[in-house]
file target_7.pdb (PDB, C-alpha atoms)
ATOM      1  CA  MET A1248      18.766  -9.297 -18.762
ATOM      2  CA  LYS A1249      15.097  -8.269 -19.076
ATOM      3  CA  LYS A1250      12.958 -11.146 -20.360
ATOM      4  CA  GLU A1251       9.388 -11.535 -21.595
ATOM      5  CA  PRO A1252       7.542 -12.771 -18.461
ATOM      6  CA  LEU A1253       5.202 -15.091 -20.404
ATOM      7  CA  ILE A1254       7.973 -17.000 -22.143
ATOM      8  CA  PRO A1255       9.554 -19.655 -19.924
ATOM      9  CA  GLN A1256      13.285 -20.152 -19.748
ATOM     10  CA  ILE A1257      15.183 -23.297 -18.933
ATOM     11  CA  GLY A1258      16.291 -23.361 -15.317
ATOM     12  CA  VAL A1259      18.745 -25.743 -13.691
ATOM     13  CA  ILE A1260      18.520 -26.700 -10.020
ATOM     14  CA  THR A1261      22.115 -26.486  -8.805
ATOM     15  CA  ASP A1262      21.634 -26.956  -5.062
ATOM     16  CA  ILE A1263      18.927 -28.255  -2.732
ATOM     17  CA  ARG A1264      18.976 -27.460   0.977
ATOM     18  CA  ILE A1265      16.737 -29.248   3.474
ATOM     19  CA  ASP A1266      15.318 -26.605   5.819
ATOM     20  CA  THR A1267      12.622 -28.545   7.683
ATOM     21  CA  PRO A1268      10.946 -31.966   7.326
ATOM     22  CA  ASP A1269       8.657 -30.530   4.617
ATOM     23  CA  VAL A1270      10.522 -27.446   3.300
ATOM     24  CA  LYS A1271      13.462 -27.430   0.885
ATOM     25  CA  THR A1272      15.287 -24.463  -0.647
ATOM     26  CA  PHE A1273      16.125 -24.769  -4.352
ATOM     27  CA  ARG A1274      18.897 -22.756  -6.032
ATOM     28  CA  VAL A1275      18.140 -22.119  -9.729
ATOM     29  CA  VAL A1276      20.226 -20.688 -12.589
ATOM     30  CA  THR A1277      20.036 -20.731 -16.389
ATOM     31  CA  PRO A1278      22.024 -23.353 -18.337
ATOM     32  CA  GLU A1279      24.670 -20.626 -18.726
ATOM     33  CA  GLY A1280      24.971 -20.414 -14.943
ATOM     34  CA  LYS A1281      23.312 -17.001 -14.569
ATOM     35  CA  LYS A1282      20.182 -15.541 -12.966
ATOM     36  CA  ALA A1283      17.127 -15.922 -15.162
ATOM     37  CA  PHE A1284      15.930 -12.332 -14.603
ATOM     38  CA  LEU A1285      16.034  -9.364 -12.247
ATOM     39  CA  HIS A1286      13.423  -8.966  -9.516
ATOM     40  CA  THR A1287      12.470  -6.826  -6.541
ATOM     41  CA  PRO A1288      11.914  -8.116  -2.973
ATOM     42  CA  GLY A1289       8.459  -9.673  -2.760
ATOM     43  CA  GLN A1290       8.058 -10.634  -6.417
ATOM     44  CA  CYS A1291       7.270 -14.186  -7.556
ATOM     45  CA  ALA A1292       8.153 -16.592 -10.348
ATOM     46  CA  MET A1293       6.390 -19.479 -12.047
ATOM     47  CA  LEU A1294       8.218 -22.792 -11.843
ATOM     48  CA  SER A1295       7.061 -25.535 -14.197
ATOM     49  CA  ILE A1296       7.763 -29.189 -14.782
ATOM     50  CA  PRO A1297       6.494 -30.249 -18.227
ATOM     51  CA  GLY A1298       4.007 -33.068 -17.887
ATOM     52  CA  VAL A1299       3.564 -32.433 -14.158
ATOM     53  CA  GLY A1300       2.340 -28.862 -13.740
ATOM     54  CA  GLU A1301       3.349 -25.367 -12.716
ATOM     55  CA  ALA A1302       3.029 -23.229  -9.603
ATOM     56  CA  MET A1303       3.817 -19.722  -8.416
ATOM     57  CA  PHE A1304       6.460 -19.278  -5.714
ATOM     58  CA  SER A1305       8.028 -16.337  -3.923
ATOM     59  CA  ILE A1306      11.621 -15.615  -4.859
ATOM     60  CA  THR A1307      13.311 -15.965  -1.490
ATOM     61  CA  SER A1308      16.797 -14.789  -2.432
ATOM     62  CA  SER A1309      17.570 -11.080  -2.371
ATOM     63  CA  PRO A1310      17.919  -9.091  -5.631
ATOM     64  CA  THR A1311      21.378  -8.198  -4.345
ATOM     65  CA  ASN A1312      22.407 -11.792  -5.041
ATOM     66  CA  GLU A1313      23.542 -11.523  -8.650
ATOM     67  CA  GLU A1314      24.486 -15.185  -9.141
ATOM     68  CA  TYR A1315      21.275 -17.189  -8.664
ATOM     69  CA  MET A1316      17.709 -17.230  -7.365
ATOM     70  CA  GLU A1317      16.377 -19.360  -4.524
ATOM     71  CA  PHE A1318      12.919 -20.697  -3.715
ATOM     72  CA  SER A1319      11.947 -22.140  -0.314
ATOM     73  CA  ILE A1320       9.133 -24.578  -1.076
ATOM     74  CA  LYS A1321       6.840 -26.512   1.250
ATOM     75  CA  LYS A1322       5.722 -29.953   0.068
ATOM     76  CA  CYS A1323       1.943 -29.704  -0.280
ATOM     77  CA  GLY A1324       0.859 -30.823  -3.763
ATOM     78  CA  CYS A1325       1.857 -32.627  -6.977
ATOM     79  CA  VAL A1326       4.271 -29.934  -8.227
ATOM     80  CA  THR A1327       5.931 -29.454  -4.861
ATOM     81  CA  GLU A1328       6.152 -33.206  -4.262
ATOM     82  CA  TRP A1329       7.891 -33.605  -7.621
ATOM     83  CA  LEU A1330      10.337 -30.805  -6.785
ATOM     84  CA  HIS A1331      11.076 -32.376  -3.407
ATOM     85  CA  SER A1332      12.052 -35.591  -5.200
ATOM     86  CA  ALA A1333      14.363 -33.759  -7.649
ATOM     87  CA  GLU A1334      18.145 -33.770  -7.440
ATOM     88  CA  PRO A1335      20.772 -31.148  -8.367
ATOM     89  CA  GLY A1336      21.176 -30.963 -12.143
ATOM     90  CA  GLN A1337      17.430 -31.303 -12.781
ATOM     91  CA  GLU A1338      16.083 -28.967 -15.468
ATOM     92  CA  ILE A1339      12.778 -27.120 -15.004
ATOM     93  CA  THR A1340      11.291 -24.019 -16.613
ATOM     94  CA  ILE A1341      11.020 -20.612 -14.984
ATOM     95  CA  ARG A1342       9.269 -17.398 -15.938
ATOM     96  CA  GLY A1343       8.669 -14.039 -14.313
ATOM     97  CA  PRO A1344       9.003 -11.881 -12.379
ATOM     98  CA  TYR A1345       5.382 -11.327 -11.371
ATOM     99  CA  GLY A1346       3.592  -8.917  -9.059
ATOM    100  CA  ASN A1347       4.689  -5.810  -7.228
ATOM    101  CA  GLY A1348       7.354  -6.037  -4.564
ATOM    102  CA  PHE A1349       7.681  -4.391  -1.165
ATOM    103  CA  PRO A1350       8.406  -0.619  -1.212
ATOM    104  CA  VAL A1351      11.949  -1.094   0.096
ATOM    105  CA  ASP A1352      13.289   2.020  -1.601
ATOM    106  CA  THR A1353      10.384   4.334  -0.750
ATOM    107  CA  ALA A1354       8.074   3.671   2.209
ATOM    108  CA  PHE A1355      10.633   1.519   4.051
ATOM    109  CA  SER A1356      13.641   3.769   3.522
ATOM    110  CA  GLY A1357      14.826   5.653   6.609
ATOM    111  CA  HIS A1358      12.510   3.759   8.989
ATOM    112  CA  ASP A1359      12.878   1.145  11.706
ATOM    113  CA  LEU A1360      11.465  -2.137  10.407
ATOM    114  CA  LEU A1361       9.553  -4.925  12.144
ATOM    115  CA  PHE A1362       9.286  -8.260  10.309
ATOM    116  CA  ILE A1363       6.771 -10.794  11.652
ATOM    117  CA  ALA A1364       6.508 -14.274  10.147
ATOM    118  CA  GLY A1365       4.954 -17.635  10.933
ATOM    119  CA  GLY A1366       6.052 -20.993   9.488
ATOM    120  CA  ILE A1367       6.754 -20.937   5.744
ATOM    121  CA  GLY A1368       5.694 -17.261   5.861
ATOM    122  CA  LEU A1369       9.345 -16.428   6.451
ATOM    123  CA  ALA A1370      10.149 -17.430   2.858
ATOM    124  CA  PRO A1371       8.643 -14.342   1.133
ATOM    125  CA  LEU A1372      10.204 -12.080   3.783
ATOM    126  CA  ARG A1373      13.707 -13.539   3.486
ATOM    127  CA  SER A1374      14.262 -11.634   0.234
ATOM    128  CA  VAL A1375      13.253  -8.357   1.896
ATOM    129  CA  ILE A1376      15.255  -8.980   5.073
ATOM    130  CA  ASN A1377      18.448  -9.761   3.177
ATOM    131  CA  TYR A1378      17.902  -6.750   0.915
ATOM    132  CA  VAL A1379      17.678  -4.322   3.837
ATOM    133  CA  ARG A1380      20.624  -6.071   5.531
ATOM    134  CA  HIS A1381      22.671  -5.512   2.362
ATOM    135  CA  TYR A1382      21.756  -1.799   2.258
ATOM    136  CA  ARG A1383      21.930  -1.495   6.036
ATOM    137  CA  SER A1384      22.654   2.252   6.146
ATOM    138  CA  ARG A1385      19.352   3.063   4.418
ATOM    139  CA  TYR A1386      17.254   1.737   7.302
ATOM    140  CA  GLY A1387      16.952   2.063  11.048
ATOM    141  CA  LYS A1388      16.760  -0.703  13.619
ATOM    142  CA  ILE A1389      15.465  -4.074  12.419
ATOM    143  CA  ASP A1390      13.388  -6.466  14.550
ATOM    144  CA  ILE A1391      12.464  -9.935  13.322
ATOM    145  CA  VAL A1392       9.791 -11.993  15.093
ATOM    146  CA  TYR A1393       9.521 -15.510  13.760
ATOM    147  CA  GLY A1394       7.673 -18.541  15.049
ATOM    148  CA  SER A1395       6.730 -22.038  13.983
ATOM    149  CA  ARG A1396       5.192 -25.211  15.375
ATOM    150  CA  SER A1397       8.521 -26.582  16.590
ATOM    151  CA  LYS A1398      12.254 -25.957  16.416
ATOM    152  CA  ALA A1399      12.506 -28.418  13.516
ATOM    153  CA  ASP A1400       9.937 -26.364  11.551
ATOM    154  CA  LEU A1401      11.893 -23.083  11.708
ATOM    155  CA  VAL A1402      12.898 -22.257   8.124
ATOM    156  CA  ASP A1403      16.415 -20.846   7.490
ATOM    157  CA  TYR A1404      17.327 -21.564  11.110
ATOM    158  CA  ARG A1405      21.117 -21.631  10.561
ATOM    159  CA  GLU A1406      21.044 -18.407   8.531
ATOM    160  CA  ILE A1407      19.012 -16.737  11.275
ATOM    161  CA  LEU A1408      21.488 -17.783  13.991
ATOM    162  CA  ASP A1409      24.742 -17.369  12.072
ATOM    163  CA  GLU A1410      23.984 -14.227  10.057
ATOM    164  CA  TRP A1411      20.860 -12.288  11.021
ATOM    165  CA  SER A1412      21.389 -12.544  14.773
ATOM    166  CA  THR A1413      24.995 -11.354  14.513
ATOM    167  CA  ASP A1414      24.240  -8.151  12.569
ATOM    168  CA  SER A1415      24.504  -4.839  14.372
ATOM    169  CA  GLY A1416      21.103  -3.238  14.891
ATOM    170  CA  VAL A1417      19.209  -6.442  14.095
ATOM    171  CA  ASN A1418      17.237  -8.157  16.872
ATOM    172  CA  VAL A1419      15.803 -11.629  16.270
ATOM    173  CA  HIS A1420      12.974 -12.985  18.436
ATOM    174  CA  LEU A1421      12.183 -16.679  17.917
ATOM    175  CA  THR A1422       9.288 -18.670  19.349
ATOM    176  CA  ILE A1423       7.737 -22.111  18.946
ATOM    177  CA  ASP A1424       4.140 -23.116  19.669
ATOM    178  CA  ARG A1425       4.826 -25.691  22.384
ATOM    179  CA  ALA A1426       7.698 -26.421  24.751
ATOM    180  CA  GLU A1427      10.059 -29.205  23.720
ATOM    181  CA  GLU A1428      13.296 -30.737  24.932
ATOM    182  CA  GLY A1429      16.357 -28.815  23.783
ATOM    183  CA  TRP A1430      14.527 -25.508  23.263
ATOM    184  CA  ASP A1431      15.284 -22.789  25.814
ATOM    185  CA  GLY A1432      13.793 -19.916  23.835
ATOM    186  CA  HIS A1433      10.337 -18.370  23.970
ATOM    187  CA  VAL A1434       7.280 -20.627  23.797
ATOM    188  CA  GLY A1435       3.964 -19.311  22.492
ATOM    189  CA  PHE A1436       2.112 -18.167  19.397
ATOM    190  CA  VAL A1437       3.433 -15.304  17.276
ATOM    191  CA  PRO A1438       0.532 -12.823  17.804
ATOM    192  CA  ASN A1439       0.822 -13.114  21.596
ATOM    193  CA  TYR A1440       4.614 -12.832  21.466
ATOM    194  CA  VAL A1441       4.379  -9.608  19.454
ATOM    195  CA  LYS A1442       2.168  -8.104  22.142
ATOM    196  CA  GLU A1443       4.515  -9.353  24.897
ATOM    197  CA  LEU A1444       7.475  -7.682  23.210
ATOM    198  CA  GLY A1445       5.503  -4.424  23.122
ATOM    199  CA  PHE A1446       7.175  -2.675  20.201
ATOM    200  CA  ASP A1447       7.197   1.095  19.827
ATOM    201  CA  THR A1448       4.977   2.267  16.987
ATOM    202  CA  ASP A1449       7.571   4.410  15.179
ATOM    203  CA  LYS A1450       8.328   1.703  12.613
ATOM    204  CA  VAL A1451       6.998  -0.083   9.527
ATOM    205  CA  ALA A1452       5.735  -3.638  10.105
ATOM    206  CA  VAL A1453       5.728  -6.461   7.540
ATOM    207  CA  LEU A1454       3.604  -9.601   8.104
ATOM    208  CA  CYS A1455       3.544 -12.986   6.412
ATOM    209  CA  GLY A1456       2.134 -16.297   7.560
ATOM    210  CA  PRO A1457      -1.124 -18.241   7.774
ATOM    211  CA  PRO A1458      -4.219 -15.996   7.405
ATOM    212  CA  ILE A1459      -5.270 -16.620  11.018
ATOM    213  CA  MET A1460      -1.831 -15.511  12.226
ATOM    214  CA  ILE A1461      -1.969 -12.350  10.133
ATOM    215  CA  LYS A1462      -5.470 -11.562  11.442
ATOM    216  CA  PHE A1463      -4.529 -11.817  15.117
ATOM    217  CA  THR A1464      -1.096 -10.233  14.691
ATOM    218  CA  LEU A1465      -2.607  -7.233  12.936
ATOM    219  CA  SER A1466      -5.133  -6.927  15.770
ATOM    220  CA  GLY A1467      -2.289  -7.094  18.293
ATOM    221  CA  LEU A1468      -0.317  -4.414  16.470
ATOM    222  CA  GLN A1469      -3.368  -2.168  16.502
ATOM    223  CA  GLU A1470      -3.674  -2.713  20.269
ATOM    224  CA  LEU A1471      -0.065  -1.514  20.567
ATOM    225  CA  GLY A1472      -0.990   1.631  18.618
ATOM    226  CA  PHE A1473       0.044   0.758  15.066
ATOM    227  CA  ASP A1474      -2.060   2.123  12.230
ATOM    228  CA  LYS A1475      -2.901  -0.130   9.278
ATOM    229  CA  THR A1476      -1.033   2.295   7.011
ATOM    230  CA  GLN A1477       2.185   1.188   8.764
ATOM    231  CA  VAL A1478       1.670  -2.532   8.104
ATOM    232  CA  TYR A1479       2.300  -4.512   4.889
ATOM    233  CA  THR A1480       1.574  -8.112   3.952
ATOM    234  CA  THR A1481       1.711 -10.345   0.878
ATOM    235  CA  MET A1482      -0.955 -12.563  -0.684
ATOM    236  CA  GLU A1483       1.128 -14.405  -3.274
ATOM    237  CA  LEU A1484      -0.577 -17.736  -2.538
ATOM    238  CA  ARG A1485      -3.652 -16.528  -4.440
ATOM    239  CA  MET A1486      -1.682 -15.938  -7.657
ATOM    240  CA  LYS A1487      -2.047 -18.269 -10.642
ATOM    241  CA  CYS A1488      -1.274 -16.881 -14.117
ATOM    242  CA  GLY A1489       0.559 -13.802 -12.817
ATOM    243  CA  ILE A1490      -0.737 -11.365 -15.442
ATOM    244  CA  GLY A1491      -4.417 -10.772 -14.556
ATOM    245  CA  LYS A1492      -5.906 -13.026 -17.251
ATOM    246  CA  CYS A1493      -7.179 -16.165 -15.497
ATOM    247  CA  GLY A1494      -9.170 -14.396 -12.757
ATOM    248  CA  ARG A1495      -8.166 -16.871 -10.042
ATOM    249  CA  CYS A1496      -6.679 -14.148  -7.838
ATOM    250  CA  ASN A1497      -9.494 -11.665  -8.420
ATOM    251  CA  ILE A1498     -10.871 -10.145  -5.201
ATOM    252  CA  GLY A1499     -13.543  -7.550  -5.955
ATOM    253  CA  SER A1500     -11.947  -5.010  -8.309
ATOM    254  CA  LYS A1501      -8.402  -6.115  -7.446
ATOM    255  CA  TYR A1502      -6.137  -8.657  -9.082
ATOM    256  CA  VAL A1503      -3.565  -9.873  -6.592
ATOM    257  CA  CYS A1504      -1.015 -10.514  -9.347
ATOM    258  CA  LYS A1505      -1.294  -7.000 -10.816
ATOM    259  CA  ASP A1506      -2.269  -4.861  -7.802
ATOM    260  CA  GLY A1507      -0.225  -6.951  -5.321
ATOM    261  CA  PRO A1508       0.754  -9.437  -4.061
ATOM    262  CA  VAL A1509       2.107  -6.879  -1.602
ATOM    263  CA  PHE A1510      -0.611  -4.781   0.024
ATOM    264  CA  ARG A1511      -0.634  -2.194   2.770
ATOM    265  CA  CYS A1512      -3.136  -3.444   5.307
ATOM    266  CA  ASP A1513      -5.467  -0.447   5.018
ATOM    267  CA  GLU A1514      -5.846  -1.351   1.322
ATOM    268  CA  LEU A1515      -7.270  -4.727   2.352
ATOM    269  CA  ASP A1516     -10.200  -2.940   4.021
ATOM    270  CA  GLU A1517     -11.380  -2.045   0.506
ATOM    271  CA  LEU A1518     -11.664  -5.712  -0.459
ATOM    272  CA  PRO A1519     -14.957  -7.658  -0.169
ATOM    273  CA  ASN A1520     -15.665 -10.159   2.602
ATOM    274  CA  GLU A1521     -14.539 -13.100   0.465
ATOM    275  CA  TYR A1522     -10.972 -12.219   1.451
TER     276      TYR A1522
END
call {"tool": "encode", "arguments": {"input": "target_7.pdb", "output": "C-alpha cells"}}
result
Amino acid sequence: MKKEPLIPQIGVITDIRIDTPDVKTFRVVTPEGKKAFLHTPGQCAMLSIPGVGEAMFSITSSPTNEEYMEFSIKKCGCVTEWLHSAEPGQEITIRGPYGNGFPVDTAFSGHDLLFIAGGIGLAPLRSVINYVRHYRSRYGKIDIVYGSRSKADLVDYREILDEWSTDSGVNVHLTIDRAEEGWDGHVGFVPNYVKELGFDTDKVAVLCGPPIMIKFTLSGLQELGFDKTQVYTTMELRMKCGIGKCGRCNIGSKYVCKDGPVFRCDELDELPNEY
C-alpha cells in the first residue's frame, strides 16, 4: 500500500458533508474503492484539480479508518472554492503522505491528553482525537476544548455530541465567541476558557487554531504551570511542496514539511522572529 509521495494517484470523492457555512468534509478513495495510502495522525496530503491548482490539506480521518480518507476544507481560495462546488463522483488527484505526525505512540502514550482547538483548527486534531479514542486503553483522561465564532461554525458538531461526548473518560468543553439564541453553553474566547477551566498540569496539551489563539492559549497554559515541552502544535498551513524543495515553508534552518508540521512548542523558540 506504500506509494511514491511525488506521484499523484486518482482519487474519487464519494461523499461530501456540510459542516459549517464555509467548511465541507470530503471523503476520498481510489477508483478501486480503497485508501490511497497509509498515514499517521497529523500528516497531510496534496489534493489537485488539473487546470485549477493544488493545495496541501490535513488528513482529518484517523489512520484506524481503513476504508477511506477525509479532508475538512474551509472555502478560502480558488482550489477550495472549486472543491466546494464539486459533487460525489468527482475525480481529483491525491499524493502523500507528507510531514511528521503527532507522537501518539511515544510521547502521548500513557498520559492524560488535553486537546485545544479554534475554528477550522479542529480539523487537524480530529485525526489524533479519533486515533486515541480507538486505542483508548493506551491513554489516560482526555479533555477537548473547542471554540468557534458561533454555534454554526463548530466543525464536526454532530460527531462531537454523538460520539466524543459519550465516551468514558472523555470530557468535551465547547464555547462560542458571542452569546446567541439557542446556545446555552459557555460563551467566550478559547484562551480565556482554558484558564477558567484550570487544568492540572500532569498532561500533554495539543493546540491548533489561528496563530493569535495559539499565542494566547500557550501563554495561558504557562500561567497554569505547563511547560512548553508538554505542548504540541501543527503548522501545516505553511506547507507547499511537502518535500523541502520549494522553500516556501522554510523558517530559519527548519523546513515545516520535513521537520514538522508537528512541533513541540519549545522547539518553536529556536525559530527566528519571522514565525
call {"tool": "resolve_selection", "arguments": {"input": "target_7.pdb", "expression": "the PyMOL selection byres ((chain A and resi 1503) around 8)", "output": "MDAnalysis selection string"}}
result
chainID A and resid 1346 1482:1483 1485:1486 1496:1498 1501:1502 1504:1508
call {"tool": "residues_around", "arguments": {"input": "target_7.pdb", "residues": "Ala1426 in chain A", "least_positions_apart": "4", "cutoff": "12 Å", "atoms": "all atoms listed in the file", "output": "list in words"}}
result
Ser1395, Arg1396, Ser1397, Lys1398, Thr1422, Trp1430, Asp1431, Gly1432, His1433, Val1434, Gly1435 and Phe1436 of chain A
call {"tool": "closest_residue", "arguments": {"input": "target_7.pdb", "among": "A:Gly1467, A:Pro1457, A:Gly1387, A:Pro1371", "to": "Glu1317 in chain A", "atoms": "only C-alpha atoms"}}
result
A:Pro1371
call {"tool": "closest_residue", "arguments": {"input": "target_7.pdb", "among": "A:Pro1350, A:Gly1368, A:Gly1258, A:Arg1380", "to": "Leu1401 in chain A", "atoms": "all atoms listed in the file"}}
result
A:Gly1368
call {"tool": "closest_residue", "arguments": {"input": "target_7.pdb", "among": "A:Arg1495, A:Arg1385, A:Lys1475, A:His1286", "to": "Ile1306 in chain A", "atoms": "all atoms listed in the file"}}
result
A:His1286
call {"tool": "resolve_selection", "arguments": {"input": "target_7.pdb", "expression": "the PyMOL selection byres ((chain A and resi 1289) around 6)", "output": "number ranges by chain"}}
result
A: 1288, 1290, 1348-1349
call {"tool": "atom_distance", "arguments": {"input": "target_7.pdb", "atom1": "CA of Val1451 in chain A", "atom2": "CA of Trp1411 in chain A"}}
result
18.5 Å
call {"tool": "closest_residue", "arguments": {"input": "target_7.pdb", "among": "A:Ile1339, A:Val1375, A:Ala1333, A:Val1453", "to": "Leu1465 in chain A", "atoms": "only C-alpha atoms"}}
result
A:Val1453
call {"tool": "closest_residue", "arguments": {"input": "target_7.pdb", "among": "A:Tyr1382, A:Phe1446, A:Phe1318, A:Phe1362", "to": "Thr1272 in chain A", "atoms": "all atoms listed in the file"}}
result
A:Phe1318
call {"tool": "closest_residue", "arguments": {"input": "target_7.pdb", "among": "A:Ile1254, A:Val1299, A:Val1437, A:Cys1325", "to": "Arg1425 in chain A", "atoms": "all atoms listed in the file"}}
result
A:Val1437
call {"tool": "resolve_selection", "arguments": {"input": "target_7.pdb", "expression": "the PyMOL selection byres ((chain A and resi 1344) around 12)", "output": "PyMOL selection string"}}
result
chain A and resi 1248-1256+1282-1294+1303-1306+1310+1316+1341-1343+1345-1348+1488-1490+1504-1505+1508
call {"tool": "atom_distance", "arguments": {"input": "target_7.pdb", "atom1": "CA of Asp1269 in chain A", "atom2": "CA of His1331 in chain A"}}
result
8.6 Å
call {"tool": "residues_around", "arguments": {"input": "target_7.pdb", "residues": "Leu1444 in chain A", "least_positions_apart": "3", "cutoff": "10 Å", "atoms": "only C-alpha atoms", "output": "compact mmCIF listing (two decimals) with C-alpha atoms, in the coordinates of the input"}}
result
# COMPACT_ATOMS: atom_id res chain seq x y z
CA VAL A 1392 9.79 -11.99 15.09
CA HIS A 1420 12.97 -12.98 18.44
CA ASN A 1439 0.82 -13.11 21.60
CA TYR A 1440 4.61 -12.83 21.47
CA VAL A 1441 4.38 -9.61 19.45
CA ASP A 1447 7.20 1.10 19.83
call {"tool": "residues_around", "arguments": {"input": "target_7.pdb", "residues": "Lys1281 in chain A", "least_positions_apart": "3", "cutoff": "8 Å", "atoms": "only C-alpha atoms", "output": "MDAnalysis selection string"}}
result
chainID A and resid 1276:1278 1314:1315
call {"tool": "residues_around", "arguments": {"input": "target_7.pdb", "residues": "Asp1266 in chain A", "least_positions_apart": "6", "cutoff": "12 Å", "atoms": "all atoms listed in the file", "output": "list in words"}}
result
Thr1272, Phe1273, Phe1318, Ser1319, Ile1320, Lys1321, Lys1322, His1331, Gly1366, Ile1367, Leu1369, Ala1370, Lys1398, Ala1399, Asp1400, Leu1401, Val1402, Asp1403, Tyr1404, Arg1405, Glu1406 and Ile1407 of chain A
call {"tool": "atom_distance", "arguments": {"input": "target_7.pdb", "atom1": "CA of Thr1464 in chain A", "atom2": "CA of Pro1438 in chain A"}}
result
4.4 Å
call {"tool": "residues_around", "arguments": {"input": "target_7.pdb", "residues": "His1381 in chain A", "least_positions_apart": "2", "cutoff": "10 Å", "atoms": "all atoms listed in the file", "output": "ChimeraX atom specification"}}
result
/A:1309-1312,1375-1379,1383-1385
call {"tool": "decode", "arguments": {"input": "target_7.pdb", "residues": "range 1388-1394 of chain A", "atoms": "all heavy atoms", "output": "PDB file, in the first residue's frame"}}
result
ATOM      1  N   LYS A1388      -7.012  10.183  30.847  1.00  0.00           N
ATOM      2  CA  LYS A1388      -8.199  11.007  30.627  1.00  0.00           C
ATOM      3  C   LYS A1388      -7.975  11.959  29.450  1.00  0.00           C
ATOM      4  O   LYS A1388      -6.863  12.449  29.238  1.00  0.00           O
ATOM      5  CB  LYS A1388      -8.517  11.801  31.894  1.00  0.00           C
ATOM      6  CG  LYS A1388      -9.824  12.574  31.840  1.00  0.00           C
ATOM      7  CD  LYS A1388     -10.138  13.218  33.177  1.00  0.00           C
ATOM      8  CE  LYS A1388      -9.172  14.339  33.487  1.00  0.00           C
ATOM      9  NZ  LYS A1388      -9.559  15.093  34.710  1.00  0.00           N
ATOM     10  N   ILE A1389      -9.042  12.223  28.701  1.00  0.00           N
ATOM     11  CA  ILE A1389      -8.967  13.097  27.541  1.00  0.00           C
ATOM     12  C   ILE A1389      -9.907  14.286  27.743  1.00  0.00           C
ATOM     13  O   ILE A1389     -11.088  14.110  28.036  1.00  0.00           O
ATOM     14  CB  ILE A1389      -9.358  12.353  26.247  1.00  0.00           C
ATOM     15  CG1 ILE A1389      -8.384  11.200  25.983  1.00  0.00           C
ATOM     16  CG2 ILE A1389      -9.384  13.309  25.058  1.00  0.00           C
ATOM     17  CD1 ILE A1389      -8.826  10.290  24.851  1.00  0.00           C
ATOM     18  N   ASP A1390      -9.352  15.498  27.617  1.00  0.00           N
ATOM     19  CA  ASP A1390     -10.158  16.723  27.636  1.00  0.00           C
ATOM     20  C   ASP A1390     -10.044  17.394  26.284  1.00  0.00           C
ATOM     21  O   ASP A1390      -8.943  17.488  25.716  1.00  0.00           O
ATOM     22  CB  ASP A1390      -9.677  17.681  28.732  1.00  0.00           C
ATOM     23  CG  ASP A1390     -10.136  17.259  30.114  1.00  0.00           C
ATOM     24  OD1 ASP A1390     -11.304  17.507  30.448  1.00  0.00           O
ATOM     25  OD2 ASP A1390      -9.321  16.671  30.859  1.00  0.00           O
ATOM     26  N   ILE A1391     -11.174  17.866  25.772  1.00  0.00           N
ATOM     27  CA  ILE A1391     -11.207  18.558  24.485  1.00  0.00           C
ATOM     28  C   ILE A1391     -11.861  19.920  24.683  1.00  0.00           C
ATOM     29  O   ILE A1391     -13.022  19.996  25.104  1.00  0.00           O
ATOM     30  CB  ILE A1391     -11.995  17.760  23.438  1.00  0.00           C
ATOM     31  CG1 ILE A1391     -11.386  16.362  23.258  1.00  0.00           C
ATOM     32  CG2 ILE A1391     -12.034  18.504  22.101  1.00  0.00           C
ATOM     33  CD1 ILE A1391     -12.269  15.404  22.481  1.00  0.00           C
ATOM     34  N   VAL A1392     -11.110  20.979  24.426  1.00  0.00           N
ATOM     35  CA  VAL A1392     -11.649  22.342  24.477  1.00  0.00           C
ATOM     36  C   VAL A1392     -11.714  22.847  23.048  1.00  0.00           C
ATOM     37  O   VAL A1392     -10.711  22.900  22.343  1.00  0.00           O
ATOM     38  CB  VAL A1392     -10.762  23.275  25.326  1.00  0.00           C
ATOM     39  CG1 VAL A1392     -11.381  24.669  25.393  1.00  0.00           C
ATOM     40  CG2 VAL A1392     -10.559  22.710  26.723  1.00  0.00           C
ATOM     41  N   TYR A1393     -12.918  23.219  22.627  1.00  0.00           N
ATOM     42  CA  TYR A1393     -13.088  23.646  21.244  1.00  0.00           C
ATOM     43  C   TYR A1393     -14.029  24.848  21.188  1.00  0.00           C
ATOM     44  O   TYR A1393     -15.087  24.857  21.818  1.00  0.00           O
ATOM     45  CB  TYR A1393     -13.650  22.509  20.396  1.00  0.00           C
ATOM     46  CG  TYR A1393     -13.965  22.894  18.967  1.00  0.00           C
ATOM     47  CD1 TYR A1393     -13.072  23.654  18.219  1.00  0.00           C
ATOM     48  CD2 TYR A1393     -15.155  22.494  18.367  1.00  0.00           C
ATOM     49  CE1 TYR A1393     -13.358  24.011  16.911  1.00  0.00           C
ATOM     50  CE2 TYR A1393     -15.453  22.842  17.057  1.00  0.00           C
ATOM     51  CZ  TYR A1393     -14.543  23.605  16.337  1.00  0.00           C
ATOM     52  OH  TYR A1393     -14.835  23.971  15.033  1.00  0.00           O
ATOM     53  N   GLY A1394     -13.618  25.849  20.428  1.00  0.00           N
ATOM     54  CA  GLY A1394     -14.439  27.042  20.296  1.00  0.00           C
ATOM     55  C   GLY A1394     -14.436  27.583  18.883  1.00  0.00           C
ATOM     56  O   GLY A1394     -13.524  27.323  18.100  1.00  0.00           O
TER      57      GLY A1394
END
